[in-house]
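**Student:** Next comes the structure file input_36.txt, holding compact mmCIF, C-alpha atoms.
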# COMPACT_ATOMS: atom_id res chain seq x y z
CA TYR A 1 -28.62 -55.74 126.52
CA ARG A 2 -25.35 -57.13 125.27
CA ILE A 3 -23.86 -56.92 121.80
CA LYS A 4 -22.18 -60.25 121.15
CA ARG A 5 -19.92 -60.33 118.12
CA GLU A 6 -19.08 -63.40 116.07
CA ILE A 7 -15.42 -64.36 116.29
CA GLU A 8 -14.08 -64.27 112.76
CA ARG A 9 -11.59 -66.80 111.34
CA LEU A 10 -11.02 -68.38 114.78
CA PRO A 11 -7.54 -66.81 115.16
CA LYS A 12 -4.86 -68.30 117.40
CA VAL A 13 -4.55 -66.88 120.93
CA SER A 14 -1.34 -67.14 122.95
CA ILE A 15 -1.85 -67.08 126.72
CA VAL A 16 1.36 -65.95 128.45
CA ILE A 17 1.73 -66.63 132.19
CA TYR A 18 4.67 -65.61 134.39
CA SER A 19 5.05 -68.24 137.10
CA GLN A 20 6.73 -68.19 140.50
CA ASP A 21 4.40 -70.52 142.39
CA GLN A 22 3.62 -74.04 141.19
CA ARG A 23 0.48 -74.36 143.29
CA ALA A 24 -1.00 -71.09 142.01
CA LEU A 25 -0.06 -72.02 138.47
CA ALA A 26 -1.81 -75.39 138.75
CA ILE A 27 -5.07 -73.72 139.84
CA CYS A 28 -4.81 -71.17 137.05
CA LEU A 29 -4.12 -73.72 134.31
CA LYS A 30 -6.80 -76.13 135.47
CA SER A 31 -9.37 -73.32 135.47
CA ILE A 32 -8.43 -72.31 131.91
CA TYR A 33 -8.93 -75.86 130.63
CA GLU A 34 -12.21 -76.24 132.51
CA THR A 35 -13.82 -72.97 131.43
CA THR A 36 -12.70 -72.48 127.83
CA SER A 37 -13.72 -74.47 124.79
CA TYR A 38 -11.83 -72.25 122.33
CA GLU A 39 -9.37 -74.67 120.78
CA ASN A 40 -7.03 -72.50 118.70
CA ARG A 41 -4.81 -71.44 121.58
CA GLU A 42 -1.47 -72.08 123.18
CA ILE A 43 -0.35 -71.49 126.77
CA ILE A 44 3.20 -70.29 127.37
CA VAL A 45 4.45 -70.45 130.96
CA VAL A 46 7.57 -68.41 131.68
CA ASN A 47 8.97 -69.69 134.95
CA ALA A 48 11.33 -68.06 137.39
CA GLU A 49 11.63 -70.98 139.79
CA GLY A 50 12.57 -73.91 137.56
CA ILE A 51 8.95 -74.96 137.12
CA ASN A 52 8.74 -77.15 134.02
CA LYS A 53 5.63 -79.15 134.81
CA VAL A 54 2.58 -79.08 137.02
CA ASP A 55 2.20 -82.07 139.29
CA GLY A 56 -1.02 -83.62 140.45
CA VAL A 57 -3.51 -82.04 138.08
CA GLY A 58 -2.98 -84.07 134.91
CA ILE A 59 -2.32 -81.14 132.62
CA SER A 60 1.45 -81.01 132.16
CA GLU A 61 1.23 -82.99 128.94
CA LYS A 62 -1.64 -81.01 127.44
CA PRO A 63 -1.09 -80.06 123.78
CA GLY A 64 -0.20 -76.42 123.29
CA LEU A 65 1.25 -76.05 126.80
CA VAL A 66 4.84 -74.80 126.71
CA PHE A 67 7.21 -74.10 129.61
CA LEU A 68 9.98 -71.56 129.06
CA GLU A 69 12.98 -71.27 131.35
CA GLY A 70 13.10 -67.63 132.39
CA THR A 71 16.87 -67.46 132.80
CA GLY A 72 17.76 -64.07 134.20
CA VAL A 73 14.12 -63.07 134.63
CA GLY A 74 14.22 -63.13 138.43
CA ARG A 75 11.42 -60.97 139.73
CA ASN A 76 11.02 -58.95 136.57
CA PRO A 77 7.54 -59.67 135.22
CA ALA A 78 7.89 -57.19 132.35
CA ASN A 79 10.92 -59.12 131.09
CA ALA A 80 9.14 -62.46 131.55
CA TYR A 81 6.08 -61.32 129.61
CA ASN A 82 8.24 -59.97 126.80
CA LEU A 83 10.08 -63.30 126.65
CA GLY A 84 6.83 -65.23 126.43
CA ALA A 85 5.41 -62.88 123.81
CA GLY A 86 8.54 -63.32 121.72
CA LYS A 87 7.96 -67.08 121.61
CA SER A 88 4.22 -66.82 120.94
CA GLY A 89 2.67 -67.85 117.67
CA GLY A 90 -0.77 -66.33 118.10
CA GLU A 91 -2.34 -63.35 116.39
CA TYR A 92 -3.45 -62.19 119.84
CA ILE A 93 -1.62 -62.39 123.16
CA LEU A 94 -3.33 -62.68 126.53
CA PHE A 95 -1.11 -61.83 129.50
CA LEU A 96 -2.45 -63.57 132.59
CA ASN A 97 -1.36 -63.55 136.22
CA GLU A 98 -0.81 -67.04 137.63
CA ARG A 99 -3.02 -66.21 140.62
CA ILE A 100 -6.01 -65.78 138.33
CA GLU A 101 -8.72 -68.42 138.43
CA ALA A 102 -11.49 -68.58 135.84
CA ARG A 103 -14.82 -69.84 137.17
CA GLU A 104 -17.25 -68.91 134.41
CA THR A 105 -17.28 -70.02 130.79
CA GLY A 106 -17.10 -67.59 127.90
CA TRP A 107 -14.54 -65.18 129.36
CA LEU A 108 -11.89 -65.82 126.70
CA GLU A 109 -14.38 -65.47 123.89
CA ALA A 110 -15.70 -62.23 125.44
CA MET A 111 -12.23 -60.72 125.16
CA LEU A 112 -11.54 -62.16 121.72
CA GLU A 113 -14.76 -60.87 120.17
CA ASN A 114 -13.67 -57.33 121.04
CA ILE A 115 -9.92 -57.44 120.41
CA GLN A 116 -10.64 -58.46 116.80
CA ARG A 117 -12.22 -55.05 116.15
CA ASN A 118 -9.92 -52.80 114.13
CA GLU A 119 -10.16 -49.84 116.51
CA ILE A 120 -9.46 -51.84 119.68
CA GLY A 121 -5.84 -52.33 120.76
CA ILE A 122 -6.21 -53.87 124.23
CA VAL A 123 -9.02 -55.58 126.15
CA GLY A 124 -9.23 -56.20 129.91
CA GLY A 125 -11.78 -57.89 132.17
CA GLU A 126 -13.30 -57.67 135.64
CA ILE A 127 -11.01 -58.96 138.40
CA SER A 128 -12.63 -59.92 141.70
CA LYS A 129 -11.90 -61.68 144.96
CA ASP A 130 -13.45 -65.00 145.94
CA ASP A 131 -16.38 -63.20 147.62
CA THR A 132 -17.09 -61.22 144.38
CA THR A 133 -15.62 -58.01 145.78
CA ILE A 134 -14.15 -56.17 142.81
CA VAL A 135 -10.39 -55.70 142.73
CA SER A 136 -10.27 -53.92 139.38
CA ALA A 137 -12.74 -53.07 136.63
CA GLY A 138 -10.23 -51.10 134.58
CA LEU A 139 -7.73 -48.50 135.78
CA ILE A 140 -8.19 -44.77 136.34
CA LEU A 141 -5.13 -42.57 135.85
CA ASN A 142 -4.12 -40.40 138.79
CA LYS A 143 -1.41 -37.75 139.11
CA GLU A 144 -0.37 -38.67 142.65
CA LYS A 145 -0.99 -42.42 142.77
CA VAL A 146 -0.45 -43.10 139.04
CA PHE A 147 -3.57 -45.26 138.98
CA ILE A 148 -6.73 -46.17 140.89
CA ASN A 149 -8.55 -49.47 140.48
CA ALA A 150 -12.02 -48.65 139.19
CA PHE A 151 -14.83 -49.85 141.48
CA GLU A 152 -12.38 -51.45 143.90
CA ASN A 153 -14.04 -52.95 147.01
CA TYR A 154 -17.55 -52.82 145.54
CA LYS A 155 -19.49 -56.05 145.21
CA ASP A 156 -20.04 -57.15 141.63
CA LYS A 157 -23.82 -57.24 142.12
CA ASN A 158 -23.87 -53.63 143.35
CA VAL A 159 -24.59 -50.83 140.90
CA PRO A 160 -22.46 -47.79 141.86
CA TYR A 161 -22.17 -45.00 139.32
CA PHE A 162 -25.18 -46.23 137.33
CA GLY A 163 -23.79 -49.77 137.05
CA HIS A 164 -20.86 -48.57 134.97
CA HIS A 165 -18.86 -51.70 135.78
CA HIS A 166 -21.58 -53.85 134.20
CA VAL A 167 -21.13 -52.41 130.71
CA ALA A 168 -18.31 -52.60 128.16
CA ARG A 169 -16.58 -49.23 128.07
CA ASN A 170 -13.46 -47.38 127.03
CA CYS A 171 -10.80 -46.71 129.66
CA SER A 172 -7.22 -45.44 129.76
CA ALA A 173 -5.63 -48.65 131.03
CA VAL A 174 -6.25 -52.20 132.26
CA PRO A 175 -3.95 -54.25 134.52
CA ALA A 176 -1.59 -56.89 133.16
CA VAL A 177 -3.18 -59.50 135.43
CA CYS A 178 -5.58 -59.97 132.49
CA LEU A 179 -4.67 -58.04 129.35
CA MET A 180 -5.26 -59.12 125.74
CA ILE A 181 -3.50 -57.30 122.89
CA LYS A 182 -2.97 -57.71 119.16
CA LYS A 183 0.54 -59.11 118.72
CA SER A 184 1.20 -56.74 115.81
CA ILE A 185 0.52 -53.75 118.06
CA PHE A 186 2.58 -55.20 120.91
CA LYS A 187 5.54 -55.44 118.57
CA LYS A 188 4.89 -51.99 117.09
CA VAL A 189 5.14 -50.28 120.51
CA ALA A 190 8.15 -52.43 121.53
CA GLY A 191 6.27 -54.40 124.19
CA PHE A 192 6.63 -53.80 127.92
CA ASN A 193 9.35 -51.41 129.06
CA GLU A 194 11.37 -53.94 131.06
CA GLU A 195 14.32 -51.57 131.48
CA LYS A 196 12.56 -48.61 133.12
CA LEU A 197 9.49 -50.40 134.51
CA PRO A 198 10.57 -53.95 135.39
CA THR A 199 8.14 -54.60 138.26
CA LYS A 200 5.23 -52.17 138.07
CA TYR A 201 3.39 -49.68 135.84
CA PHE A 202 4.60 -51.51 132.71
CA ASP A 203 0.98 -52.29 131.86
CA ILE A 204 -0.10 -48.65 132.17
CA ASP A 205 2.85 -47.59 130.05
CA LEU A 206 1.88 -50.17 127.41
CA CYS A 207 -1.74 -49.01 127.35
CA LEU A 208 -0.78 -45.36 126.92
CA LYS A 209 1.63 -46.24 124.11
CA VAL A 210 -1.17 -48.13 122.36
CA ILE A 211 -3.55 -45.19 122.75
CA GLY A 212 -0.82 -43.01 121.27
CA GLU A 213 -0.94 -45.19 118.16
CA GLY A 214 -4.63 -44.38 117.73
CA TYR A 215 -6.22 -47.48 119.29
CA ARG A 216 -8.70 -47.74 122.17
CA ILE A 217 -8.50 -49.69 125.42
CA LEU A 218 -11.67 -51.61 126.23
CA TYR A 219 -12.96 -53.05 129.50
CA THR A 220 -15.50 -55.87 129.22
CA PRO A 221 -17.56 -57.07 132.21
CA TYR A 222 -18.20 -60.36 130.43
CA ALA A 223 -14.69 -61.61 131.16
CA LYS A 224 -15.00 -62.20 134.89
CA LEU A 225 -11.98 -63.67 136.64
CA MET A 226 -11.05 -64.25 140.26
CA ILE A 227 -7.64 -63.45 141.76
CA HIS A 228 -6.18 -65.22 144.78
CA GLU A 229 -4.77 -62.21 146.58
CA GLU A 230 -5.91 -59.16 148.49
CA LYS A 231 -5.10 -56.64 145.78
CA ILE A 232 -3.04 -56.03 142.65
CA GLU A 233 0.35 -55.35 144.20
CA ARG A 234 2.86 -53.06 142.52
CA LYS A 235 6.14 -53.02 144.43
CA THR A 236 9.39 -51.44 143.41
CA ALA A 237 12.46 -53.49 142.65
CA ASP A 238 13.94 -52.30 145.95
CA GLU A 239 11.00 -53.68 147.89
CA LYS A 240 11.55 -56.97 146.07
CA ALA A 241 15.33 -56.96 146.31
CA SER A 242 16.93 -54.31 148.49
CA ASP A 243 20.33 -54.67 146.87
CA LYS A 244 19.17 -53.71 143.39
CA GLY A 245 17.68 -50.70 141.67
CA ASP A 246 16.90 -47.17 142.72
CA LYS A 247 13.98 -46.88 145.09
CA GLY A 248 11.19 -44.91 143.48
CA SER A 249 12.78 -44.94 140.03
CA GLU A 250 9.74 -46.53 138.42
CA ASP A 251 7.43 -43.99 140.04
CA ARG A 252 9.57 -41.11 138.85
CA TYR A 253 9.80 -42.49 135.33
CA ILE A 254 6.07 -43.13 134.81
CA LYS A 255 5.10 -39.76 136.28
CA LYS A 256 7.55 -37.88 134.07
CA ARG A 257 6.90 -39.93 130.93
CA TRP A 258 3.11 -39.67 131.11
CA GLU A 259 2.61 -36.54 133.20
CA LYS A 260 0.00 -34.98 130.92
CA CYS A 261 -2.04 -38.19 130.77
CA LEU A 262 -1.98 -38.79 134.53
CA VAL A 263 -3.28 -35.28 135.27
CA ASN A 264 -6.50 -35.75 133.31
CA ASP A 265 -7.98 -39.17 132.58
CA PRO A 266 -10.44 -38.55 129.72
CA TYR A 267 -12.61 -41.46 130.88
CA TYR A 268 -13.06 -40.25 134.45
CA ASN A 269 -15.28 -37.37 135.51
CA PRO A 270 -13.04 -34.66 137.06
CA ASN A 271 -15.83 -33.78 139.50
CA LEU A 272 -15.57 -37.18 141.17
CA SER A 273 -13.18 -38.15 143.96
CA LYS A 274 -9.51 -38.69 143.12
CA ASP A 275 -9.06 -41.05 146.10
Can the structure in the file be given as structure tokens, please?
**Tutor:**
Amino acid sequence: YRIKREIERLPKVSIVIYSQDQRALAICLKSIYETTSYENREIIVVNAEGINKVDGVGISEKPGLVFLEGTGVGRNPANAYNLGAGKSGGEYILFLNERIEARETGWLEAMLENIQRNEIGIVGGEISKDDTTIVSAGLILNKEKVFINAFENYKDKNVPYFGHHHVARNCSAVPAVCLMIKKSIFKKVAGFNEEKLPTKYFDIDLCLKVIGEGYRILYTPYAKLMIHEEKIERKTADEKASDKGDKGSEDRYIKKRWEKCLVNDPYYNPNLSKD
């Protein structure tokens, strides 16, 4: 059974996408327009490569589609997302990776019906590969690895752990490849930490800050999205640009900042594998 809530007041949603690849962006945008009928939305594209339109798909002139020049953003997604959020006019913000492709209708509404609840601060969905192999169904905190993708490499139709990935549930974090948050809360916790976590873990840091404010993080299996890559990559700034940053600085920061949380994820049975 599924509890399906009515979306109240039809609030505005701002979809923020950080773009580095015009082809990937075109697929992502086209899929959004083809699978969502929710009209009160805007799409903000923060580009790092001078992308100010999308050729060949007839969507560059769509109403509510805005391109922002990410001057100085480089390969700093946390900064790009903060920039887009700052320009957003929606009550809710959906951060979306440009390599995401939506193939089923109702995914945006599935997230919106839950984020409107007073006790919910962030909502994430199920991210899979083209062959329905799950990439992430929420994140599990881990002392050594920082996080583990829940149900990674299982097929969506499989039912491991009593079909836990088929039900809406609380979790400690969801990845920024698909993360919806109340804008008021995003501002309250000062957004993504672009200074200490410019390229990775900024989503986990955000989720834990939101939990610290008394809100819950929710995973919904009814927002199913496909990602065009092997896995959710989280590389350091040094792996992206060897002449900048301190290798491992982001790892050291997140482990020190959230040490107590990483040791014991309250939504993961300690008797199960940590691998």
**Student:** Between A:Thr220, A:Asn97, A:Ser37, A:Asn76, which is the closest to Lys196 (chain A) once you count all atoms listed in the file?
**Tutor:**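 Residue with the minimum atom-to-atom distance to Lys196 (chain A): A:Asn76.
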**Student:** When distances are computed from only C-alpha atoms, which of A:Glu98, A:Glu259, A:Glu113, A:Glu213 shows the smallest separation from Glu6 (chain A)?
**Tutor:** A:Glu113
**Student:** Grab the CA of Asp251 (chain A) to CA of Gly70 (chain A) distance for me, in Å with one decimal place.
**Tutor:** 25.5 Å
**Student:** When distances are computed from all atoms listed in the file, which of A:Ile181, A:Met226, A:Ile120, A:Val146 shows the smallest separation from Gly214 (chain A)?
**Tutor:**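 Looking only at the distances to Gly214 (chain A), the closest residue turns out to be A:Ile120.
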**Student:** Nearest to Arg99 (chain A) among A:Leu65, A:Leu197, A:Ile44, A:Leu25, with distances taken over only C-alpha atoms: which residue is it?
**Tutor:** A:Leu25
**Student:** Counting only C-alpha atoms, which of A:Gly138, A:Pro270, A:Gly124, A:Pro198 gets nearest to Tyr81 (chain A)?
**Tutor:**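 Answer, going by the shortest atom-to-atom distance: A:Pro198.
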